[in-house]
Structure formats: C-alpha cells, structure tokens
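Asker: Enclosed is the structure file entry.txt (compact mmCIF, C-alpha atoms and all ligand atoms).
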```
# COMPACT_ATOMS: atom_id res chain seq x y z
CA MET A 42 -86.27 -26.74 15.79
CA ILE A 43 -89.52 -25.06 16.85
CA TRP A 44 -88.55 -25.67 20.49
CA LEU A 45 -85.22 -23.95 20.04
CA ALA A 46 -86.90 -21.00 18.31
CA ALA A 47 -89.32 -20.70 21.27
CA ALA A 48 -86.35 -20.96 23.61
CA TYR A 49 -84.82 -17.90 22.02
CA ILE A 50 -87.91 -15.74 21.49
CA LEU A 51 -89.82 -16.16 24.80
CA PRO A 52 -87.07 -15.28 27.31
CA ALA A 53 -85.84 -12.48 24.99
CA PHE A 54 -89.32 -10.97 25.04
CA ALA A 55 -89.54 -11.24 28.85
CA ILE A 56 -86.11 -9.65 29.33
CA ALA A 57 -86.98 -6.80 26.96
CA VAL A 58 -90.22 -6.05 28.84
CA GLN A 59 -88.62 -6.31 32.29
CA SER A 60 -85.75 -4.03 31.35
CA MET A 61 -88.23 -1.17 31.08
CA GLN A 62 -89.98 -1.86 34.39
CA THR A 63 -89.72 -0.46 37.90
CA ASN A 64 -89.59 -2.80 40.91
CA GLN A 65 -93.30 -2.27 41.42
CA GLN A 66 -94.12 -3.21 37.83
CA LEU A 67 -91.82 -6.24 38.10
CA ALA A 68 -94.01 -7.49 40.95
CA GLN A 69 -97.19 -7.01 38.93
CA THR A 70 -95.95 -8.91 35.89
CA SER A 71 -93.81 -11.51 37.63
CA VAL A 72 -96.17 -14.48 37.17
CA VAL A 73 -96.95 -13.78 33.49
CA LEU A 74 -93.35 -13.07 32.51
CA GLY A 75 -92.26 -15.98 34.71
CA CYS A 76 -94.25 -18.25 32.37
CA PHE A 77 -92.28 -16.91 29.40
CA TYR A 78 -88.94 -17.56 31.11
CA LEU A 79 -89.88 -21.00 32.40
CA PHE A 80 -91.33 -22.23 29.13
CA GLY A 81 -88.43 -20.74 27.17
CA LEU A 82 -85.80 -22.44 29.32
CA TRP A 83 -87.59 -25.78 29.18
CA ALA A 84 -87.89 -25.37 25.40
CA ILE A 85 -84.06 -25.25 25.19
CA ALA A 86 -83.86 -28.53 27.09
CA GLN A 87 -86.65 -30.10 25.02
CA GLY A 88 -85.14 -28.94 21.72
CA MET A 89 -81.73 -30.36 22.61
CA ALA A 90 -83.22 -33.58 23.98
CA GLN A 91 -85.25 -34.10 20.81
CA ARG A 92 -82.17 -33.64 18.65
CA SER A 93 -80.69 -36.58 20.60
CA GLY A 94 -83.85 -38.66 20.21
CA GLY A 95 -85.14 -38.11 23.77
CA SER A 96 -87.38 -35.85 25.77
CA ALA A 97 -86.84 -33.34 28.60
CA TYR A 98 -89.34 -34.87 31.08
CA PRO A 99 -92.40 -32.66 30.42
CA LYS A 100 -94.27 -33.80 33.56
CA ILE A 101 -91.36 -32.95 35.87
CA ALA A 102 -91.01 -29.62 34.00
CA LEU A 103 -94.69 -28.88 34.62
CA LEU A 104 -94.32 -29.64 38.31
CA ILE A 105 -91.23 -27.41 38.67
CA SER A 106 -93.00 -24.62 36.77
CA LEU A 107 -96.16 -24.83 38.89
CA VAL A 108 -94.20 -24.71 42.16
CA ALA A 109 -92.17 -21.76 40.82
CA LEU A 110 -95.28 -19.88 39.66
CA VAL A 111 -96.99 -20.35 43.03
CA GLY A 112 -93.83 -19.00 44.69
CA LEU A 113 -93.74 -16.04 42.29
CA TYR A 114 -97.39 -15.29 42.99
CA TYR A 115 -96.89 -15.43 46.76
CA PHE A 116 -93.77 -13.27 46.78
CA SER A 117 -95.28 -10.67 44.47
CA GLN A 118 -98.97 -10.45 45.44
CA VAL A 119 -98.93 -11.47 49.14
CA VAL A 120 -95.42 -10.52 50.27
CA ASP A 121 -93.45 -8.34 47.86
CA ASP A 122 -89.90 -9.74 47.93
CA LEU A 123 -87.96 -9.20 44.72
CA HIS A 124 -84.87 -11.02 45.93
CA VAL A 125 -86.75 -14.24 46.78
CA ARG A 126 -88.67 -14.01 43.49
CA MET A 127 -85.43 -13.79 41.54
CA LEU A 128 -84.05 -16.76 43.43
CA ILE A 129 -87.19 -18.86 42.84
CA LEU A 130 -87.29 -18.02 39.14
CA ASN A 131 -83.59 -18.65 38.53
CA ILE A 132 -83.50 -21.91 40.47
CA ALA A 133 -86.55 -23.13 38.52
CA MET A 134 -84.98 -22.07 35.20
CA ALA A 135 -81.75 -23.87 36.08
CA LEU A 136 -83.68 -27.05 36.91
CA LEU A 137 -85.73 -26.83 33.70
CA VAL A 138 -82.75 -26.33 31.41
CA LEU A 139 -81.01 -29.21 33.21
CA LEU A 140 -83.79 -31.63 32.20
CA GLY A 141 -82.34 -32.09 28.70
CA VAL A 142 -78.85 -33.13 29.83
CA ALA A 143 -79.67 -36.82 30.37
CA ALA A 144 -81.10 -37.20 26.85
CA VAL A 145 -78.14 -35.36 25.32
CA TYR A 146 -75.72 -37.69 27.12
CA ARG A 147 -77.72 -40.82 26.31
CA GLY A 148 -78.19 -39.84 22.65
CA GLN A 149 -75.94 -40.88 19.80
CA LYS A 150 -72.63 -39.06 19.87
CA SER A 151 -72.25 -37.27 16.58
CA ALA A 152 -68.81 -36.87 15.03
CA ASP A 153 -70.02 -33.72 13.32
CA LEU A 154 -68.09 -30.68 14.56
CA PHE A 155 -71.04 -28.26 14.52
CA GLU A 156 -73.30 -30.71 16.33
CA ARG A 157 -70.60 -31.06 19.00
CA ILE A 158 -70.29 -27.28 19.26
CA LEU A 159 -74.08 -27.04 19.68
CA ARG A 160 -74.05 -29.62 22.47
CA GLY A 161 -71.09 -27.90 24.12
CA SER A 162 -72.91 -24.56 23.94
CA TYR A 163 -75.96 -26.11 25.54
CA LEU A 164 -73.86 -27.54 28.38
CA CYS A 165 -72.23 -24.11 28.90
CA PHE A 166 -75.69 -22.60 29.04
CA VAL A 167 -76.72 -25.18 31.65
CA ALA A 168 -73.62 -24.35 33.71
CA TYR A 169 -74.37 -20.63 33.44
CA SER A 170 -78.00 -21.24 34.51
CA LEU A 171 -76.79 -23.19 37.56
CA ILE A 172 -74.32 -20.48 38.58
CA ARG A 173 -76.84 -17.64 38.18
CA PRO A 174 -78.94 -18.40 41.33
CA LEU A 175 -75.71 -18.47 43.36
CA VAL A 176 -74.67 -15.09 41.99
CA ILE A 177 -78.13 -13.69 42.77
CA ALA A 178 -78.02 -15.13 46.30
CA ILE A 179 -74.63 -13.58 46.97
CA ALA A 180 -74.37 -10.44 44.90
CA ILE A 181 -77.76 -8.83 44.37
CA GLU A 182 -78.84 -6.30 46.94
CA GLN A 183 -81.80 -7.15 49.09
CA GLY A 184 -84.56 -4.70 49.83
CA PRO A 185 -86.65 -2.42 47.62
CA SER A 186 -84.40 0.70 47.84
CA VAL A 187 -82.74 0.16 44.46
CA GLU A 188 -84.47 -0.27 41.08
CA LEU A 189 -83.31 -3.71 39.97
CA THR A 190 -83.39 -3.01 36.23
CA GLN A 191 -81.10 -0.01 36.69
CA SER A 192 -78.55 -1.81 38.85
CA PRO A 193 -75.11 -2.79 37.43
CA MET A 194 -75.90 -6.42 38.30
CA TRP A 195 -78.96 -6.44 36.05
CA LEU A 196 -76.98 -4.92 33.17
CA LEU A 197 -74.25 -7.50 33.67
CA MET A 198 -76.75 -10.37 33.60
CA LEU A 199 -78.44 -8.82 30.58
CA ALA A 200 -75.11 -8.66 28.74
CA ALA A 201 -74.27 -12.28 29.68
CA ASN A 202 -77.71 -13.45 28.53
CA LEU A 203 -77.43 -11.53 25.29
CA LEU A 204 -73.97 -12.88 24.49
CA LEU A 205 -74.90 -16.48 25.28
CA SER A 206 -78.15 -16.24 23.34
CA LEU A 207 -76.43 -14.72 20.32
CA TRP A 208 -73.76 -17.42 20.37
CA PHE A 209 -76.33 -20.18 20.80
CA ILE A 210 -78.59 -18.89 18.03
CA GLY A 211 -75.57 -18.42 15.73
CA VAL A 212 -74.48 -22.03 16.18
CA LEU A 213 -78.07 -23.15 15.77
CA LEU A 214 -78.45 -21.27 12.50
CA VAL A 215 -75.27 -22.83 11.10
CA VAL A 216 -76.38 -26.33 12.18
CA THR A 217 -79.86 -25.81 10.73
CA PHE A 218 -78.49 -24.46 7.45
CA ARG A 219 -76.17 -27.46 7.13
CA GLU A 220 -79.00 -29.85 7.91
CA VAL A 221 -81.14 -28.29 5.17
CA LEU A 222 -78.26 -28.58 2.69
CA LEU A 223 -77.61 -32.23 3.65
CA THR A 224 -81.31 -33.08 3.34
CA LEU A 225 -81.48 -31.43 -0.08
CA LYS A 226 -78.37 -33.33 -1.22
CA LYS A 227 -79.85 -36.59 0.06
CA GLU A 228 -83.13 -35.94 -1.76
CA ARG A 229 -81.20 -35.06 -4.92
CA ASP A 230 -79.22 -38.31 -4.75
CA LEU A 231 -81.99 -40.74 -3.85
CA ASP A 232 -84.65 -42.42 -5.93
CA SER A 233 -87.94 -41.51 -4.26
CA LEU A 234 -89.59 -44.91 -4.85
CA THR A 235 -86.89 -47.33 -3.67
CA HIS A 236 -84.67 -44.94 -1.69
CA LEU A 237 -81.68 -46.34 -3.55
CA LEU A 238 -79.14 -44.00 -5.11
CA ASN A 239 -80.24 -42.56 -8.44
CA ARG A 240 -78.40 -42.32 -11.76
CA ARG A 241 -76.91 -38.89 -11.00
CA ALA A 242 -75.52 -40.04 -7.62
CA PHE A 243 -74.12 -43.18 -9.23
CA PHE A 244 -72.08 -41.24 -11.78
CA GLU A 245 -70.89 -38.92 -9.03
CA GLN A 246 -70.01 -41.56 -6.45
CA ALA A 247 -68.88 -44.59 -8.46
CA PRO A 248 -65.62 -43.08 -9.85
CA VAL A 249 -64.69 -41.85 -6.35
CA ARG A 250 -65.38 -45.27 -4.81
CA ILE A 251 -63.30 -47.06 -7.43
CA GLN A 252 -60.41 -44.59 -7.19
CA ARG A 253 -60.27 -44.64 -3.40
CA SER A 254 -60.34 -48.41 -2.91
CA ARG A 255 -57.11 -50.32 -2.87
CA ASN A 256 -58.49 -53.76 -2.22
CA GLY A 257 -59.04 -55.65 -5.41
CA LEU A 258 -61.42 -55.57 -8.33
CA TRP A 259 -64.80 -54.02 -8.73
CA ALA A 260 -67.64 -55.65 -10.57
CA LEU A 261 -70.57 -53.97 -12.24
CA LEU A 262 -73.91 -55.77 -12.26
CA ILE A 263 -76.81 -54.51 -14.33
CA CYS A 264 -80.08 -56.11 -13.30
CA ASP A 265 -83.38 -55.75 -15.14
CA VAL A 266 -86.72 -57.18 -14.03
CA ASP A 267 -88.18 -59.54 -16.64
CA HIS A 268 -91.54 -58.75 -18.25
CA PHE A 269 -92.09 -55.86 -15.92
CA LYS A 270 -94.56 -54.23 -18.30
CA GLN A 271 -96.68 -57.36 -17.98
CA ILE A 272 -96.57 -57.11 -14.16
CA ASN A 273 -97.77 -53.51 -14.40
CA ASP A 274 -100.45 -54.39 -16.92
CA THR A 275 -101.85 -57.37 -15.02
CA LEU A 276 -101.34 -56.36 -11.38
CA GLY A 277 -101.44 -52.58 -11.67
CA HIS A 278 -98.90 -49.81 -11.38
CA ALA A 279 -98.98 -49.77 -7.55
CA ALA A 280 -98.12 -53.49 -7.45
CA GLY A 281 -95.34 -52.76 -9.97
CA ASP A 282 -93.96 -50.12 -7.60
CA GLU A 283 -94.06 -52.62 -4.73
CA VAL A 284 -92.11 -55.12 -6.87
CA LEU A 285 -89.46 -52.47 -7.51
CA ARG A 286 -89.16 -51.86 -3.76
CA SER A 287 -88.78 -55.62 -3.20
CA VAL A 288 -86.06 -55.76 -5.84
CA ALA A 289 -84.23 -52.95 -4.04
CA LYS A 290 -84.45 -54.88 -0.76
CA VAL A 291 -83.01 -58.03 -2.31
CA LEU A 292 -80.13 -56.09 -3.85
CA LEU A 293 -79.35 -54.30 -0.58
CA ARG A 294 -79.54 -57.57 1.38
CA ASN A 295 -76.81 -59.03 -0.80
CA THR A 296 -74.38 -56.13 -0.74
CA ARG A 297 -72.11 -54.44 1.78
CA HIS A 298 -71.87 -50.78 2.75
CA THR A 299 -68.80 -50.40 0.52
CA ASP A 300 -70.89 -51.35 -2.56
CA LEU A 301 -73.23 -49.03 -4.44
CA VAL A 302 -76.80 -50.08 -5.22
CA VAL A 303 -78.52 -47.83 -7.72
CA ARG A 304 -81.82 -47.56 -9.56
CA LEU A 305 -80.75 -46.43 -13.01
CA GLY A 306 -84.34 -45.83 -14.08
CA GLY A 307 -87.52 -47.83 -14.76
CA GLU A 308 -86.96 -51.45 -13.76
CA GLU A 309 -83.19 -51.31 -14.33
CA PHE A 310 -80.73 -51.42 -11.41
CA VAL A 311 -76.94 -51.27 -11.14
CA VAL A 312 -74.76 -52.70 -8.40
CA LEU A 313 -71.12 -51.72 -8.06
CA LEU A 314 -69.65 -54.61 -6.11
CA ASN A 315 -66.32 -54.55 -4.37
CA CYS A 316 -65.23 -58.15 -4.94
CA ASP A 317 -61.97 -59.79 -5.93
CA SER A 318 -63.04 -61.84 -8.97
CA LEU A 319 -65.62 -62.12 -11.71
CA GLN A 320 -66.65 -65.43 -10.22
CA CYS A 321 -67.41 -63.81 -6.88
CA ALA A 322 -69.58 -61.18 -8.65
CA CYS A 323 -71.43 -63.93 -10.55
CA VAL A 324 -72.08 -65.81 -7.32
CA ALA A 325 -73.54 -62.64 -5.79
CA ALA A 326 -75.71 -62.00 -8.86
CA GLU A 327 -76.88 -65.62 -8.89
CA ARG A 328 -77.84 -65.34 -5.21
CA MET A 329 -79.85 -62.21 -5.94
CA ARG A 330 -81.55 -63.90 -8.90
CA GLU A 331 -82.56 -66.83 -6.70
CA GLN A 332 -83.93 -64.53 -4.02
CA PHE A 333 -86.13 -62.71 -6.54
CA ALA A 334 -88.04 -65.96 -6.98
CA GLU A 335 -89.07 -65.67 -3.32
CA VAL A 336 -90.86 -62.36 -3.94
CA ARG A 337 -94.56 -63.15 -4.01
CA LEU A 338 -96.51 -61.96 -7.03
CA ALA A 339 -100.25 -62.54 -7.44
CA MET A 340 -101.46 -65.93 -8.70
CA GLY A 341 -98.26 -67.74 -7.78
CA GLN A 342 -96.17 -66.02 -10.45
CA LYS A 343 -92.43 -65.81 -9.76
CA LEU A 344 -90.47 -62.63 -10.04
CA THR A 345 -87.45 -63.07 -12.30
CA ALA A 346 -84.66 -60.79 -13.44
CA SER A 347 -81.74 -60.90 -15.84
CA PHE A 348 -78.18 -59.78 -15.14
CA GLY A 349 -75.16 -58.57 -17.10
CA VAL A 350 -71.89 -58.74 -15.09
CA VAL A 351 -68.48 -57.27 -15.90
CA VAL A 352 -65.36 -56.49 -13.92
CA ILE A 353 -64.00 -53.01 -13.76
CA GLU A 354 -60.46 -51.99 -12.81
CA SER A 355 -60.42 -48.21 -13.08
CA ALA A 356 -62.82 -45.31 -12.90
CA GLN A 357 -62.08 -44.47 -16.55
CA GLN A 358 -63.65 -47.78 -17.56
CA LEU A 359 -66.99 -46.95 -15.96
CA GLN A 360 -68.94 -45.92 -19.07
CA SER A 361 -67.52 -48.72 -21.22
CA ALA A 362 -68.26 -51.21 -18.42
CA ILE A 363 -71.87 -50.05 -18.32
CA ASN A 364 -72.17 -50.45 -22.10
CA GLN A 365 -70.63 -53.90 -21.90
CA ALA A 366 -72.87 -54.98 -19.00
CA ASP A 367 -75.86 -53.65 -20.93
CA ALA A 368 -74.92 -55.74 -23.94
CA LEU A 369 -74.61 -58.84 -21.71
CA LEU A 370 -77.99 -58.06 -20.16
CA TYR A 371 -79.47 -57.83 -23.63
CA LEU A 372 -77.92 -61.24 -24.37
CA ALA A 373 -79.49 -62.66 -21.19
CA LYS A 374 -82.89 -61.30 -22.24
CA LYS A 375 -82.52 -62.61 -25.78
CA THR A 376 -81.52 -66.09 -24.65
CA GLY A 377 -84.50 -66.69 -22.34
CA ARG A 378 -84.24 -64.19 -19.40
CA ASN A 379 -83.91 -65.12 -15.69
CA LYS A 380 -80.15 -65.62 -15.95
CA VAL A 381 -76.75 -64.10 -15.19
CA VAL A 382 -74.44 -63.47 -18.14
CA SER A 383 -70.88 -62.34 -17.49
CA ALA A 384 -68.02 -61.05 -19.63
CA PRO A 385 -64.76 -62.92 -20.02
CA VAL A 386 -61.62 -61.55 -18.31
CA ALA A 387 -58.03 -62.38 -19.21
CA ASP A 388 -57.16 -64.60 -16.23
CA GLU A 389 -60.58 -66.18 -15.61
CA PRO A 390 -62.63 -68.72 -17.55
CA ALA A 391 -64.05 -66.97 -20.60
CA GLY A 392 -67.71 -66.06 -21.21
CA GLN A 393 -69.51 -67.56 -18.26
CA LEU A 394 -73.17 -68.06 -18.85
CA VAL A 395 -75.01 -68.98 -15.71
CA SER A 396 -78.47 -70.15 -16.60
CA ALA A 397 -81.51 -70.52 -14.40
N1 LIG A 401 -94.80 -49.48 -11.66
C1 LIG A 401 -93.82 -48.83 -12.27
N2 LIG A 401 -93.55 -49.09 -13.57
C2 LIG A 401 -92.53 -48.45 -14.16
C3 LIG A 401 -91.75 -47.51 -13.49
N3 LIG A 401 -90.81 -47.05 -14.36
C4 LIG A 401 -91.01 -47.68 -15.52
N4 LIG A 401 -92.04 -48.54 -15.43
C5 LIG A 401 -92.60 -49.43 -16.45
O1 LIG A 401 -91.70 -50.48 -16.66
C6 LIG A 401 -92.06 -51.06 -17.92
C7 LIG A 401 -90.80 -51.51 -18.64
O2 LIG A 401 -91.18 -52.26 -19.73
P1 LIG A 401 -90.18 -52.82 -20.84
O3 LIG A 401 -89.07 -51.83 -21.02
O4 LIG A 401 -91.00 -53.18 -22.00
O5 LIG A 401 -89.53 -54.06 -20.17
P2 LIG A 401 -90.13 -55.45 -19.70
O6 LIG A 401 -91.60 -55.53 -19.82
O7 LIG A 401 -89.57 -55.71 -18.34
O8 LIG A 401 -89.51 -56.45 -20.71
P3 LIG A 401 -88.08 -57.11 -20.64
O9 LIG A 401 -87.16 -56.14 -19.97
O10 LIG A 401 -87.71 -57.35 -22.08
O11 LIG A 401 -88.22 -58.41 -19.89
C8 LIG A 401 -92.84 -50.01 -18.69
O12 LIG A 401 -94.18 -50.44 -18.80
C9 LIG A 401 -92.78 -48.78 -17.78
O13 LIG A 401 -93.98 -48.04 -17.83
C10 LIG A 401 -92.08 -47.24 -12.12
O14 LIG A 401 -91.45 -46.41 -11.44
N5 LIG A 401 -93.09 -47.92 -11.57
```
As structure tokens, what does this structure read like?

Answerer:
Amino acid sequence: MIWLAAAYILPAFAIAVQSMQTNQQLAQTSVVLGCFYLFGLWAIAQGMAQRSGGSAYPKIALLISLVALVGLYYFSQVVDDLHVRMLILNIAMALLVLLGVAAVYRGQKSADLFERILRGSYLCFVAYSLIRPLVIAIAIEQGPSVELTQSPMWLLMLAANLLLSLWFIGVLLVVTFREVLLTLKKERDLDSLTHLLNRRAFFEQAPVRIQRSRNGLWALLICDVDHFKQINDTLGHAAGDEVLRSVAKVLLRNTRHTDLVVRLGGEEFVVLLNCDSLQCACVAAERMREQFAEVRLAMGQKLTASFGVVVIESAQQLQSAINQADALLYLAKKTGRNKVVSAPVADEPAGQLVSA
C-alpha cells in the first residue's frame, strides 16, 4: 500500500511544481522532478505487482530510470530541448508502469469485483501512459516560443492525469477500506492461538451452514483434551499451547472445507461435520482420537482426548445438541477418558460407546 501512496503523491507533487514554471525553469528542475515522476510511476507498477504476489523488476526499473535521467540532464543542461525531454520522460514512465503487468497477469485472479476494478484501472493507466508519448510526439509544438505549462496541451494532459489519479485513488481507498474490514472480521472470528474459528464465529456460522446444506445429516463432535492441566503443570504453559495447536492440526486434517472446526475455549474443541450418519461421525472422531496418540509429549507420554458425538438435523437443535454432546463428553471422561461416546438416534444402533 505504501508503494501506491508514493505513486500518487510523488507525481502529483512534480506536476504541481511544474505547472507554475516557465520553460527555462522546467529545464533547471527537469532531472530532480524527473526522479519524482519516474519513481512514482514505478511505484504504481510495484504496488500492483506486490498485490499479485510479484515484483516490478526493480533492476530493470533502475536501468530505465538512469538512462532517462542521463537523457534529461543532457537535453536540459547541454542542449535545451523541451520536446525531446518530454519524450524521454514519458517513454521512460510508460516503460516503468508497464513493468507490473506481467506480475498482475501471472498473479491469482481474484473474483472480488473491487480487486478486478483496481486491476482494470491499472491496465487503463498503463494504456494511457503508452499513448502519451505518441501524443507528445505528434501534437506538442516544438521549439521554445511557447510556454509549455500555459499551452492547451499541457492543461489537457493535466486534466487527464488528475481524472485518472482521482479515479485510481478512489478505487484504491475502497479496496483498502474493504481489506481492513475483512481483516478485522477475520481477527474477530479466529482464535489467536490455533487460528481455528472461535466460539462467536461458531454460533454465527453453524446455523447458516446447517440451513444452507441439502446433503444429509450434520454431526456435532465435542472434543476435550484429557488431563490438560497436568500437561500444563508438568511441561509448562508454552508446551500446553503447542499441544493445543497440534490438536487443531489433527482436527483440521480429518475434516473437509464444508465442516467447521472451532476452539470453544480452553482445551475444548467443536467440530461440525457434514456426514450422512452417526456411524460416519464416530469413525471420524475415532480417527482423530487415534491420531492424537501420535502427538509427541515429553517423556513418552501420549496425548489423549475424549469425545461426545451427536447428530443434528436443524439449526434450531444447535444449542440442545451442544448440551447433549457435552453430557456425552462428561460420560466419556467419567468412564475412563480417551474414548468416543455417541448419542443414540432413531434409525441407528442405540448408545454407541467406542472405547480406546
Ligand atoms: N496452555 C494453555 N492452557 C490453557 C489454555 N486455556 C486453558 N488452559 C488450561 O487448561 C486447563 C484445563 O484444566 P481442566 O479443566 O481441569 O481439565 P483437564 O486437566 O484437561 O481435565 P479433564 O478435562 O477432566 O481430563 C487449565 O489448567 C487451564 O489453565 C490455553 O490457552 N493454553
């Protein structure tokens, strides 16, 4: 974002200064203000390339800029030729802004409307930058008789620059504002330790998921690490945190993107599984339980966890399903831990108790 801010501020400053200058003053300041233009235009390319995960070839940009600055110096301090200086500067600017196009094309294509508008605006700006040297070559008067900054051509280019810049910065502001909002929402919804969804996000997203799906049953798994206090007490809080992150990884590994994996709080996790039977949910929970044993604790101890599993058919049942799964989890803890306990459903074998 800093690149795109530089891209707006530097050329705007140079244009503002030049608009108040005579042809003679333009010659005196051409190299310094040329730096502002060149860096500003490359900053647009770099900013856009970075948004797409690439870069706008800084070494090539440096080379183009150096050649352009030498040209500007020669045609201002040795031979004063405003027309050639304008051509050199505008060709260099067009080449610099073009350097981001490859990265923008190679980068991931976003489906987001505003991101597409931003890319489209950038490509329009590139096209405008490529056309500008042609216009200068054809339309701007040669010779020192006319003050460039008072000519209709200059005013026209100024107006075009202003309009494009305002449009570009407007789109950029909207995109940035949306990005900030999305980041805040993400931070609000995620547990900072495990990066799983948190309790608030679960109660927001679970009813929507259940309502929207038309393919079969949902199951709710509540999973609680066994003797977690002991792990904290013997191995330390940092090791306890690491265990929680490992638990999150195991849960994520055994779920699909349609499922929700949530850290409810402490060492308690919930998984909303999109599966077509209680048995399928129990198999998934059993697989997770087995994989916890592979998490290495100090001194050869095994990580274990207990599960309560229920099926859920409508969003209205969510709270009662959580209570029921909690009760089954409590049963699992009471009857020895490290096991999956599920609730009976009408058309499936009643009261499964899968022991370790
Ligand atoms: N490291 C770490 N510990 C946490 C975190 N949140 C909660 N805890 C600890 O988790 C422990 C939970 O202990 P208990 O509720 O007694 O449960 P438990 O020891 O697992 O016992 P059972 O569930 O009955 O097997 C407490 O000591 C909390 O301090 C966390 O984010 N990180």

Asker: Find, counting all atoms listed in the file, the residue in A:Ile105, A:Leu305, A:Leu189, A:Ala200 that gets nearest to Asn239 of chain A.

Answerer: A:Leu305

Asker: Throw together the list of residues within 8 Å of ligand LIG 401 (chain A), counting all atoms listed in the file, and drop it here as a PyMOL selection string.

Answerer: chain A and resi 234+265-274+277-285+306-308+346+374+378

Asker: Between atom CA of Arg304 of chain A and atom CA of Met329 of chain A, what distance in Å does the model show, to one decimal?

Answerer: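 Rounded to one decimal, the two atoms are 15.2 Å apart.
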
Asker: Which one is closest to Ile210 of chain A: A:Leu258, A:Ala289, A:Ile158, A:Leu113? Count all atoms listed in the file.

Answerer: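 Checking each of A:Leu258, A:Ala289, A:Ile158, A:Leu113 against Ile210 of chain A, counting all atoms listed in the file, the winner is A:Ile158.
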
Asker: In Å, how far is it from atom CA of Gly257 of chain A to atom CA of Lys290 of chain A?

Answerer: 25.8 Å

Asker: In Å to one decimal, how far is atom CA of Val73 of chain A from atom CA of Gln59 of chain A?

Answerer: 11.3 Å

Asker: Taking all atoms listed in the file into account, which of A:Leu223, A:Ala356, A:Ile263, A:Ala334 comes nearest Asn379 of chain A?

Answerer: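 Going through A:Leu223, A:Ala356, A:Ile263, A:Ala334 one by one, the smallest distance to Asn379 of chain A is for A:Ala334.
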
Asker: Please identify all polymer residues within 12 Å of Arg255 of chain A, counting only C-alpha atoms, omitting same-chain residues fewer than 5 positions from it, and present them as a list in words.

Answerer: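 The contact residues come out as Val249, Arg250, Asn315, Cys316, Asp317, Glu354 and Ser355 of chain A.
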
Asker: Please, which residues are within 10 Å of (-77.2, -34.3, 29.4) by the file's coordinates, counting all atoms listed in the file, and could they come as a list in words?

Answerer: Ala86, Met89, Ala90, Ser93, Ala97, Val138, Leu139, Leu140, Gly141, Val142, Ala143, Ala144, Val145, Tyr146, Arg147, Gly148, Arg160, Tyr163, Leu164 and Val167 of chain A

Asker: Could the residues in this selection be saved with C-alpha atoms as a PDB file, in the coordinates of the input?

Answerer:
```pdb
ATOM      1  CA  ALA A  86     -83.860 -28.530  27.090  1.00  0.00           C
ATOM      2  CA  MET A  89     -81.730 -30.360  22.610  1.00  0.00           C
ATOM      3  CA  ALA A  90     -83.220 -33.580  23.980  1.00  0.00           C
ATOM      4  CA  SER A  93     -80.690 -36.580  20.600  1.00  0.00           C
ATOM      5  CA  ALA A  97     -86.840 -33.340  28.600  1.00  0.00           C
ATOM      6  CA  VAL A 138     -82.750 -26.330  31.410  1.00  0.00           C
ATOM      7  CA  LEU A 139     -81.010 -29.210  33.210  1.00  0.00           C
ATOM      8  CA  LEU A 140     -83.790 -31.630  32.200  1.00  0.00           C
ATOM      9  CA  GLY A 141     -82.340 -32.090  28.700  1.00  0.00           C
ATOM     10  CA  VAL A 142     -78.850 -33.130  29.830  1.00  0.00           C
ATOM     11  CA  ALA A 143     -79.670 -36.820  30.370  1.00  0.00           C
ATOM     12  CA  ALA A 144     -81.100 -37.200  26.850  1.00  0.00           C
ATOM     13  CA  VAL A 145     -78.140 -35.360  25.320  1.00  0.00           C
ATOM     14  CA  TYR A 146     -75.720 -37.690  27.120  1.00  0.00           C
ATOM     15  CA  ARG A 147     -77.720 -40.820  26.310  1.00  0.00           C
ATOM     16  CA  GLY A 148     -78.190 -39.840  22.650  1.00  0.00           C
ATOM     17  CA  ARG A 160     -74.050 -29.620  22.470  1.00  0.00           C
ATOM     18  CA  TYR A 163     -75.960 -26.110  25.540  1.00  0.00           C
ATOM     19  CA  LEU A 164     -73.860 -27.540  28.380  1.00  0.00           C
ATOM     20  CA  VAL A 167     -76.720 -25.180  31.650  1.00  0.00           C
TER      21      VAL A 167
END
```

Asker: Compile the contact shell of Leu313 of chain A as JSON, numbers by chain: residues with an atom at most 12 Å away, counting all atoms listed in the file, same-chain residues fewer than 2 positions apart removed.

Answerer: {"A": [238, 243, 244, 246, 247, 248, 249, 250, 251, 258, 259, 260, 261, 262, 263, 264, 292, 293, 295, 296, 297, 298, 299, 300, 301, 302, 303, 304, 310, 311, 315, 316, 322, 325, 326, 350, 351, 352, 353, 354, 356, 359, 362, 363, 366]}

Asker: Taking only C-alpha atoms into account, which of A:Cys323, A:Leu207, A:Val291, A:Leu338 comes nearest Thr275 of chain A?

Answerer: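 Selected residue with least distance to Thr275 of chain A: A:Leu338.
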
Asker: Applying 7 Å and all atoms listed in the file, which residues near Leu82 of chain A remain after dropping the ones on its own chain fewer than 5 positions away? List them as a PyMOL selection string.

Answerer: chain A and resi 48+134+137-138

Asker: Using only C-alpha atoms, determine which residues lie at most 10 Å from Glu327 of chain A, disregarding the query and same-chain residues fewer than 4 positions distant; provide the list as a PyMOL selection string.

Answerer: chain A and resi 321-323+331-333+347-348+379-382+395-397

Asker: Ranking A:Ala46, A:Met61, A:Ala178, A:Val212 by minimum distance to Leu123 of chain A and counting only C-alpha atoms, which one comes first?

Answerer: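 Distance minimum relative to Leu123 of chain A lands on A:Ala178.
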
Asker: For Glu188 of chain A, which residue among A:Arg330, A:Arg92, A:Lys100, A:His124 is the nearest when counting all atoms listed in the file?

Answerer: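 Nearest to Glu188 of chain A: A:His124.
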
Asker: Which neighbours of Gln365 of chain A fall inside 9 Å, counting only C-alpha atoms, when residues of the same chain fewer than 4 positions from it are skipped, and could you give them as a PyMOL selection string?

Answerer: chain A and resi 349-351+360-361+369-370+384
